[in-house]
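Visitor: Here's a structure for you.
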Amino acid sequence: MDLSLIENLRVLWPVILGLLIFLLQFCVSRSTELDIDFRLPFLKSLGFKMRGVRVIFVRILLAVATIICFIIPAFRDYSKLFPENFKMVVFYDDEGIKEALSEFTEDELNALRVKTDWDAEKAEYFSFLNKETKKFDILFLFDVDNNIVHGEGRTHFKVTRVKNSWQEYQIDKSTKGTLEHMYEAPGEKQRKLISEFQLLESDANRIKPTLADLYLKYTIILTPRFKQKVNISPMQEVYHHYLIAATKIRFFPIIRIGKTIYLLCRDGSKEVIPIGYAIYSPE
């Protein structure tokens, strides 16, 4: 999701202004120099002469202004720049997952512990879900191989800056959402299955970007964990796993909230399996 031009300018104006001010220094030529000859009215012998004061003064001011502009991104509150409520569309096709994973570098995927040969285990996961829906007499089929299942929903995702911190943020506990899965096969009646997801407490809810993230990589990767459940009845819910929602946010040259990859965390395994991806749009 790319933010609007106005929203991009709200974030990038210090860098743009800093670059313009820096370039202005090369426009200050010797023709702008000013010779100062100061003498006291009654004591002509007392005073001073200075040559080229103006060009030096202007260049010093421009250099200071440039430094200030480039320092601003290190101290601003980024939590106020993004919306809190999103619409989301979720897909489960392999090709779309591979494309979404391509937004991450190899080092980033290794840090997330994404299994390289995940296709077969993803298929096993959805086969397990289909057995579960059948066990509870739910008329729904996760037929993800034929791309006839997708999800639509809304999420409230709030990030706040930790008080008295430099650059540290906290994903709010109220972060949650609902997702309506739809099965739409040709010639068949549409089937729906509604699930809910709620943020789990974990260290991943603390976001601590470094100077390298802000000035060199221009990115932050969010990895909150969510409990996902399906309500069979008011008294019964199905909950078998939790998911990591990995999202890459880029700050330069444009602000972009990338697709969210859903990574399945399995008991006893250090690796995670990509099972789907979400595309967001602000409400």
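So you can find residues: chains in the structure tokens are A, B, ... in the order shown, residues in each start at 1, and ligands are numbered from 1 in order.
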List the neighbours of Lys227 of chain A out to 6 Å using only C-alpha atoms; skip same-chain residues closer than 3 positions along the sequence, and give me the result as an MDAnalysis selection string.

Guide: chainID A and resid 197:198 242

Visitor: Looking only at alpha helix (DSSP H) from DSSP on the backbone, list the matching residues of segment 98-194 of chain A as a list in words.

Guide: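 Selecting the alpha helix (DSSP H) positions of segment 98-194 of chain A gives Lys98, Glu99, Ala100, Leu101, Glu106, Asp107, Glu108, Leu109, Asn110, Ala111, Leu112, Asp119, Ala120, Glu121, Lys122, Ala123, Glu124, Tyr125, Phe126, Ser127, Phe128, Leu129, Asn130, Lys131, Glu132, Thr133, Lys134 and Lys135 of chain A.
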
Visitor: Contacts of His241 of chain A at 8 Å or less, counting only C-alpha atoms, minus same-chain residues fewer than 3 places along, as an MDAnalysis selection string?

Guide: chainID A and resid 227:228 264:266

Visitor: Closest to Arg250 of chain A among A:Tyr92, A:Tyr78, A:Trp166, A:Phe140, using only C-alpha atoms?

Guide: A:Tyr78

Visitor: Fewer than 3 positions away in the same chain doesn't count, so skip those; otherwise give me all residues within 12 Å of Gly96 of chain A, counting only C-alpha atoms, as a list in words.

Guide: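 In the requested form, the answer reads Val90, Phe91, Tyr92, Asp93, Glu99, Ala100, Leu101, Ser102, Glu103, Val144, Asp145, Asn147, Lys259, Thr260, Ile261, Pro274, Ile275, Gly276, Tyr277, Ala278 and Ile279 of chain A.
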
Visitor: Could you give me, as a PDB file with N, CA and C atoms, in the first residue's frame, each residue of segment 181-254 of chain A that DSSP assigns to strand (DSSP E or B) when run on this structure's backbone?

Guide:
```pdb
ATOM      1  N   HIS A 181     -13.828 -15.414   5.184  1.00  0.00           N
ATOM      2  CA  HIS A 181     -13.305 -16.244   4.097  1.00  0.00           C
ATOM      3  C   HIS A 181     -14.451 -16.608   3.165  1.00  0.00           C
ATOM      4  N   MET A 182     -14.203 -16.528   1.863  1.00  0.00           N
ATOM      5  CA  MET A 182     -15.246 -16.824   0.880  1.00  0.00           C
ATOM      6  C   MET A 182     -14.785 -17.884  -0.105  1.00  0.00           C
ATOM      7  N   TYR A 183     -15.622 -18.876  -0.275  1.00  0.00           N
ATOM      8  CA  TYR A 183     -15.385 -19.939  -1.252  1.00  0.00           C
ATOM      9  C   TYR A 183     -16.334 -19.687  -2.424  1.00  0.00           C
ATOM     10  N   ARG A 191     -19.871 -19.992  -0.207  1.00  0.00           N
ATOM     11  CA  ARG A 191     -19.773 -20.390   1.191  1.00  0.00           C
ATOM     12  C   ARG A 191     -18.875 -19.399   1.931  1.00  0.00           C
ATOM     13  N   LYS A 192     -19.205 -19.174   3.205  1.00  0.00           N
ATOM     14  CA  LYS A 192     -18.453 -18.207   3.993  1.00  0.00           C
ATOM     15  C   LYS A 192     -18.033 -18.798   5.330  1.00  0.00           C
ATOM     16  N   LEU A 193     -16.910 -18.323   5.812  1.00  0.00           N
ATOM     17  CA  LEU A 193     -16.416 -18.721   7.125  1.00  0.00           C
ATOM     18  C   LEU A 193     -15.751 -17.499   7.761  1.00  0.00           C
ATOM     19  N   ILE A 194     -16.222 -17.132   8.941  1.00  0.00           N
ATOM     20  CA  ILE A 194     -15.707 -15.936   9.611  1.00  0.00           C
ATOM     21  C   ILE A 194     -14.737 -16.329  10.719  1.00  0.00           C
ATOM     22  N   SER A 195     -13.585 -15.684  10.711  1.00  0.00           N
ATOM     23  CA  SER A 195     -12.586 -15.915  11.762  1.00  0.00           C
ATOM     24  C   SER A 195     -12.210 -14.575  12.393  1.00  0.00           C
ATOM     25  N   GLU A 196     -11.663 -14.654  13.574  1.00  0.00           N
ATOM     26  CA  GLU A 196     -11.200 -13.468  14.293  1.00  0.00           C
ATOM     27  C   GLU A 196      -9.727 -13.627  14.644  1.00  0.00           C
ATOM     28  N   PHE A 197      -9.030 -12.518  14.718  1.00  0.00           N
ATOM     29  CA  PHE A 197      -7.638 -12.578  15.149  1.00  0.00           C
ATOM     30  C   PHE A 197      -7.374 -11.484  16.179  1.00  0.00           C
ATOM     31  N   GLN A 198      -6.564 -11.829  17.159  1.00  0.00           N
ATOM     32  CA  GLN A 198      -6.266 -10.947  18.276  1.00  0.00           C
ATOM     33  C   GLN A 198      -4.769 -10.953  18.532  1.00  0.00           C
ATOM     34  N   LEU A 199      -4.215  -9.789  18.798  1.00  0.00           N
ATOM     35  CA  LEU A 199      -2.785  -9.667  19.060  1.00  0.00           C
ATOM     36  C   LEU A 199      -2.393 -10.433  20.312  1.00  0.00           C
ATOM     37  N   ARG A 206       7.166  -4.749  20.444  1.00  0.00           N
ATOM     38  CA  ARG A 206       8.032  -3.584  20.640  1.00  0.00           C
ATOM     39  C   ARG A 206       8.842  -3.367  19.364  1.00  0.00           C
ATOM     40  N   ILE A 207       8.778  -2.174  18.811  1.00  0.00           N
ATOM     41  CA  ILE A 207       9.479  -1.850  17.574  1.00  0.00           C
ATOM     42  C   ILE A 207      10.598  -0.868  17.913  1.00  0.00           C
ATOM     43  N   THR A 219      13.970   1.011   6.067  1.00  0.00           N
ATOM     44  CA  THR A 219      12.883   0.054   6.276  1.00  0.00           C
ATOM     45  C   THR A 219      12.775  -0.375   7.734  1.00  0.00           C
ATOM     46  N   ILE A 220      11.557  -0.801   8.083  1.00  0.00           N
ATOM     47  CA  ILE A 220      11.285  -1.454   9.357  1.00  0.00           C
ATOM     48  C   ILE A 220      10.391  -2.651   9.047  1.00  0.00           C
ATOM     49  N   ILE A 221      10.655  -3.771   9.685  1.00  0.00           N
ATOM     50  CA  ILE A 221       9.825  -4.964   9.494  1.00  0.00           C
ATOM     51  C   ILE A 221       9.060  -5.244  10.788  1.00  0.00           C
ATOM     52  N   LEU A 222       7.740  -5.261  10.692  1.00  0.00           N
ATOM     53  CA  LEU A 222       6.891  -5.572  11.840  1.00  0.00           C
ATOM     54  C   LEU A 222       6.581  -7.058  11.832  1.00  0.00           C
ATOM     55  N   ARG A 225       2.500 -11.171  16.522  1.00  0.00           N
ATOM     56  CA  ARG A 225       1.913 -12.507  16.493  1.00  0.00           C
ATOM     57  C   ARG A 225       0.436 -12.427  16.846  1.00  0.00           C
ATOM     58  N   PHE A 226      -0.369 -13.216  16.132  1.00  0.00           N
ATOM     59  CA  PHE A 226      -1.813 -13.167  16.316  1.00  0.00           C
ATOM     60  C   PHE A 226      -2.389 -14.552  16.598  1.00  0.00           C
ATOM     61  N   LYS A 227      -3.312 -14.575  17.518  1.00  0.00           N
ATOM     62  CA  LYS A 227      -4.133 -15.761  17.740  1.00  0.00           C
ATOM     63  C   LYS A 227      -5.302 -15.682  16.774  1.00  0.00           C
ATOM     64  N   GLN A 228      -5.507 -16.735  16.003  1.00  0.00           N
ATOM     65  CA  GLN A 228      -6.613 -16.764  15.054  1.00  0.00           C
ATOM     66  C   GLN A 228      -7.593 -17.863  15.462  1.00  0.00           C
ATOM     67  N   LYS A 229      -8.862 -17.520  15.513  1.00  0.00           N
ATOM     68  CA  LYS A 229      -9.859 -18.482  15.974  1.00  0.00           C
ATOM     69  C   LYS A 229     -11.116 -18.403  15.109  1.00  0.00           C
ATOM     70  N   VAL A 230     -11.845 -19.495  15.115  1.00  0.00           N
ATOM     71  CA  VAL A 230     -13.142 -19.584  14.429  1.00  0.00           C
ATOM     72  C   VAL A 230     -14.183 -19.932  15.469  1.00  0.00           C
ATOM     73  N   ASN A 231     -15.228 -19.147  15.561  1.00  0.00           N
ATOM     74  CA  ASN A 231     -16.297 -19.407  16.517  1.00  0.00           C
ATOM     75  C   ASN A 231     -17.309 -20.384  15.916  1.00  0.00           C
ATOM     76  N   ILE A 232     -17.327 -21.588  16.468  1.00  0.00           N
ATOM     77  CA  ILE A 232     -18.280 -22.596  16.013  1.00  0.00           C
ATOM     78  C   ILE A 232     -19.674 -22.280  16.552  1.00  0.00           C
ATOM     79  N   SER A 233     -19.697 -21.803  17.778  1.00  0.00           N
ATOM     80  CA  SER A 233     -20.941 -21.415  18.441  1.00  0.00           C
ATOM     81  C   SER A 233     -20.566 -20.373  19.493  1.00  0.00           C
ATOM     82  N   GLN A 236     -18.242 -22.110  21.851  1.00  0.00           N
ATOM     83  CA  GLN A 236     -17.141 -22.945  21.380  1.00  0.00           C
ATOM     84  C   GLN A 236     -16.359 -22.251  20.277  1.00  0.00           C
ATOM     85  N   GLU A 237     -15.057 -22.271  20.409  1.00  0.00           N
ATOM     86  CA  GLU A 237     -14.181 -21.710  19.389  1.00  0.00           C
ATOM     87  C   GLU A 237     -13.081 -22.706  19.064  1.00  0.00           C
ATOM     88  N   VAL A 238     -12.606 -22.639  17.827  1.00  0.00           N
ATOM     89  CA  VAL A 238     -11.518 -23.501  17.389  1.00  0.00           C
ATOM     90  C   VAL A 238     -10.256 -22.646  17.293  1.00  0.00           C
ATOM     91  N   TYR A 242      -0.967 -20.049  16.060  1.00  0.00           N
ATOM     92  CA  TYR A 242      -0.862 -18.600  15.947  1.00  0.00           C
ATOM     93  C   TYR A 242      -0.019 -18.278  14.724  1.00  0.00           C
ATOM     94  N   LEU A 243      -0.193 -17.068  14.239  1.00  0.00           N
ATOM     95  CA  LEU A 243       0.472 -16.638  13.020  1.00  0.00           C
ATOM     96  C   LEU A 243       1.335 -15.411  13.286  1.00  0.00           C
ATOM     97  N   ILE A 244       2.433 -15.320  12.562  1.00  0.00           N
ATOM     98  CA  ILE A 244       3.222 -14.097  12.534  1.00  0.00           C
ATOM     99  C   ILE A 244       2.807 -13.310  11.297  1.00  0.00           C
ATOM    100  N   ALA A 245       2.446 -12.051  11.491  1.00  0.00           N
ATOM    101  CA  ALA A 245       2.081 -11.181  10.373  1.00  0.00           C
ATOM    102  C   ALA A 245       3.277 -10.279  10.066  1.00  0.00           C
ATOM    103  N   ALA A 246       4.064 -10.651   9.072  1.00  0.00           N
ATOM    104  CA  ALA A 246       5.302  -9.918   8.743  1.00  0.00           C
ATOM    105  C   ALA A 246       5.004  -8.867   7.678  1.00  0.00           C
ATOM    106  N   THR A 247       5.285  -7.606   8.017  1.00  0.00           N
ATOM    107  CA  THR A 247       5.022  -6.494   7.112  1.00  0.00           C
ATOM    108  C   THR A 247       6.269  -5.623   7.006  1.00  0.00           C
ATOM    109  N   LYS A 248       6.650  -5.303   5.795  1.00  0.00           N
ATOM    110  CA  LYS A 248       7.820  -4.452   5.560  1.00  0.00           C
ATOM    111  C   LYS A 248       7.355  -3.052   5.216  1.00  0.00           C
ATOM    112  N   ILE A 249       7.834  -2.079   5.995  1.00  0.00           N
ATOM    113  CA  ILE A 249       7.484  -0.681   5.770  1.00  0.00           C
ATOM    114  C   ILE A 249       8.718   0.052   5.263  1.00  0.00           C
ATOM    115  N   ARG A 250       8.580   0.713   4.119  1.00  0.00           N
ATOM    116  CA  ARG A 250       9.704   1.456   3.528  1.00  0.00           C
ATOM    117  C   ARG A 250       9.433   2.952   3.660  1.00  0.00           C
TER     118      ARG A 250
END
```

Visitor: What's the 9 Å shell around Arg161 of chain A, counting only C-alpha atoms, without same-chain residues fewer than 5 positions away, as a PyMOL selection string?

Guide: chain A and resi 77-80+166-171

Visitor: Limited to C-alpha atoms, could you put the picked residues into a file as a short mmCIF file (atom, residue, chain, number, x, y, z; two decimals), in the first residue's frame?

Guide:
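Produced file selection18.cif, reproduced below:
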```
data_model
loop_
_atom_site.label_atom_id
_atom_site.label_comp_id
_atom_site.auth_asym_id
_atom_site.auth_seq_id
_atom_site.Cartn_x
_atom_site.Cartn_y
_atom_site.Cartn_z
CA ASP A 77 7.20 10.37 15.85
CA TYR A 78 6.39 8.01 12.98
CA SER A 79 3.35 6.50 14.69
CA LYS A 80 1.25 9.55 13.81
CA TRP A 166 14.08 8.00 21.38
CA GLN A 167 12.68 5.71 18.68
CA GLU A 168 10.71 2.94 20.37
CA TYR A 169 7.13 2.01 19.60
CA GLN A 170 4.52 -0.34 21.01
CA ILE A 171 1.81 -2.14 19.08
#
```

Visitor: Between A:Leu263, A:Leu211, A:Leu62, A:Ile6, which has the minimum distance to Cys27 of chain A (counting only C-alpha atoms)?

Guide: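 Checking each candidate against Cys27 of chain A, we get A:Leu62 as the closest.
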
Visitor: One decimal, Å: what's the distance from atom CA of Pro282 of chain A over to atom CA of Asn205 of chain A, could you say?

Guide: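 Separation of atom CA of Pro282 of chain A and atom CA of Asn205 of chain A: 21.1 Å.
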
Visitor: With only C-alpha atoms as the basis for distance, which of A:Phe82, A:Gly18, A:Leu112, A:Phe26 is at the shortest distance from Val64 of chain A?

Guide: A:Gly18

Visitor: Nearest residue to Glu152 of chain A out of A:Glu124, A:Asp213, A:Glu180, A:Asp137, using only C-alpha atoms?

Guide: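 Of A:Glu124, A:Asp213, A:Glu180, A:Asp137, the one nearest Glu152 of chain A, counting only C-alpha atoms, is A:Glu180.
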